[in-house]
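> Okay, here's the structure, questions in a sec.
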Amino acid sequence: MNLPQNDQELLESFKNPATKEQAFTGIIKKYQEKLYWHIRRMVIDHEDANDVLQNMFIKVWKGLENFREDSQLYTWLYRIATNESLTFLTQQKKRSTFSLSDDENGLSNKLKSDTHFDANKLEWKLQLGIQSLPEKQRLVFNLRYYDEMPYGEMSKILETSEGALKASYHHAAKKIEEFILNH
Amino acid sequence: MNQSNEIIKELQGISPMLAQVQKVNVFEAPDGYFNTLAEKVITRILLEEKDSFNFNKKEIQQVPEGYFDSLSDAILSKIKKEEAENKEEDFQKSFPVLHSLKDKNVFTVPENYFEGVSHQVINKIKSHQPAKVILMNTKWWKYAAAAIIIGVIAIGSLQLFNNSRDRDQIPSYVESSFQYKTPEQVDEGIASLSDDEIIKYLEKYGSIMDNDLLIKDVDVKELPATEDYLIDENTLNNYLEKIDNQSNK
């Protein structure tokens, strides 16, 4: 039996007990990579990203029956992934016993501990610059720069006006540029 | 990683230097990670649901103490309640107008009536006149009983006097009655009688007692009403004291 690819069909199949698991497998397979990279760029470490991703899919399973179909499944999944990532980072900060300066936070350390990390390469400097941003600006920059998400979609996920998102993206890009130039 | 023109143009407007940086994904996911992710998530969900099911099963197994003892009563009570509700529903269906009027009270009471009811009742009870009753151990009763005793003794004496053969065999109690010649002496003699002596006599010669004789001097209008005895337990005593006082005047 072929899995439906259309969100509407997947949601209909999910409502049927006989095809529920199959439909959910289809939803995971359709969105897992996009969501994984979105989470991974926020939490940096693969194991953390894997935990957050699995936990968010379990919440999706529990909440999908009440999902209001007047919003897009894609937007709803991104919102859950974003919230779960921010919750994870908040909990991690609370657990941390180290006092970290703003530009030397735990995420930067995680980047530096990556086996492929090379401080001389521009792509790694870019990553360090992104990690130096406040969380909201980091989210906006990642969604726009990597996911190339339209501001209209982003506005629904982050519940922020498009104007504010554009301003946030502008500030984020400027800060990263400054970071790269200074490091 | 390709970059759409829209994103590049926007970034060039903000930071030309940043727009020239090649977009590279520096992160890596383990090989085959995405091939098994869905299966892992589904397995976790099913395990969690199984645990949740087992937890609920344990909860069901631990019923409150005495639950089954009262279960049948609880069920019967529920059935009765439902039956009553059904009757109400039937009534409503059969007589909709009557049902709609059932709870409508057309009567009114004065304002604050119910707040003052208890106070009014207590006051009424307190001010209620004591009832009338016949007292068994009053002086009046003693006089009535004594009059009968004297009458009996007198009749007995006359019979004895008329029978000359028995004159020498006059009983001592008859002889003792001869000393009561004036009302004062009778009073003193009666006063000396104990209640026990009077009761014993009445038990023996009770048939002589005439109810009309007992109640002829009693003003029935002054007797307490039947409900007075229910309202005030002291009604009887109050009345006896009253007539006792009146007889002493």
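Letters for chains follow the order of the structure tokens (A, B, ...), residue numbers begin at 1 for each chain, and ligand numbers begin at 1 in the order shown.
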As a list in words, could you give me every residue of chain A near chain B (at most 6 Å apart, counting only C-alpha atoms)?
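Taken together, these residues fit the definition: Thr25, Ile28 and Gln54 of chain A.
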> Write out as a ChimeraX atom specification the residues lying within 10 Å of Trp124 (chain A), counting only C-alpha atoms and excluding same-chain residues fewer than 3 positions away.
/A:111-112,116-121,127-130,180 /B:24-26
> Using only C-alpha atoms, which of the listed residues (A:Glu21, A:Leu35, A:Gly163, A:Asn16) sits closest to Tyr146 (chain A)?
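The answer is A:Leu35, which sits nearest to Tyr146 (chain A).
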> Pick out each residue of region 5-50 of chain B that DSSP on the backbone tags as helix (DSSP H, G or I); I need them as a PyMOL selection string.
chain B and resi 5-14+16-19+33-50
> Excluding same-chain residues fewer than 2 positions from His38 (chain A), what lies within 8 Å of it counting only C-alpha atoms, as a list in words?
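Contacts, in chain order: Lys34, Leu35, Tyr36, Arg40, Arg41, Met42, Ala81, Thr82, Asn142, Leu143 and Asp147 of chain A.
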> What does the distance between CA of Val60 (chain A) and CA of Glu9 (chain A) come to in Å, to one decimal place?
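Going from CA of Val60 (chain A) over to CA of Glu9 (chain A) covers 16.6 Å.
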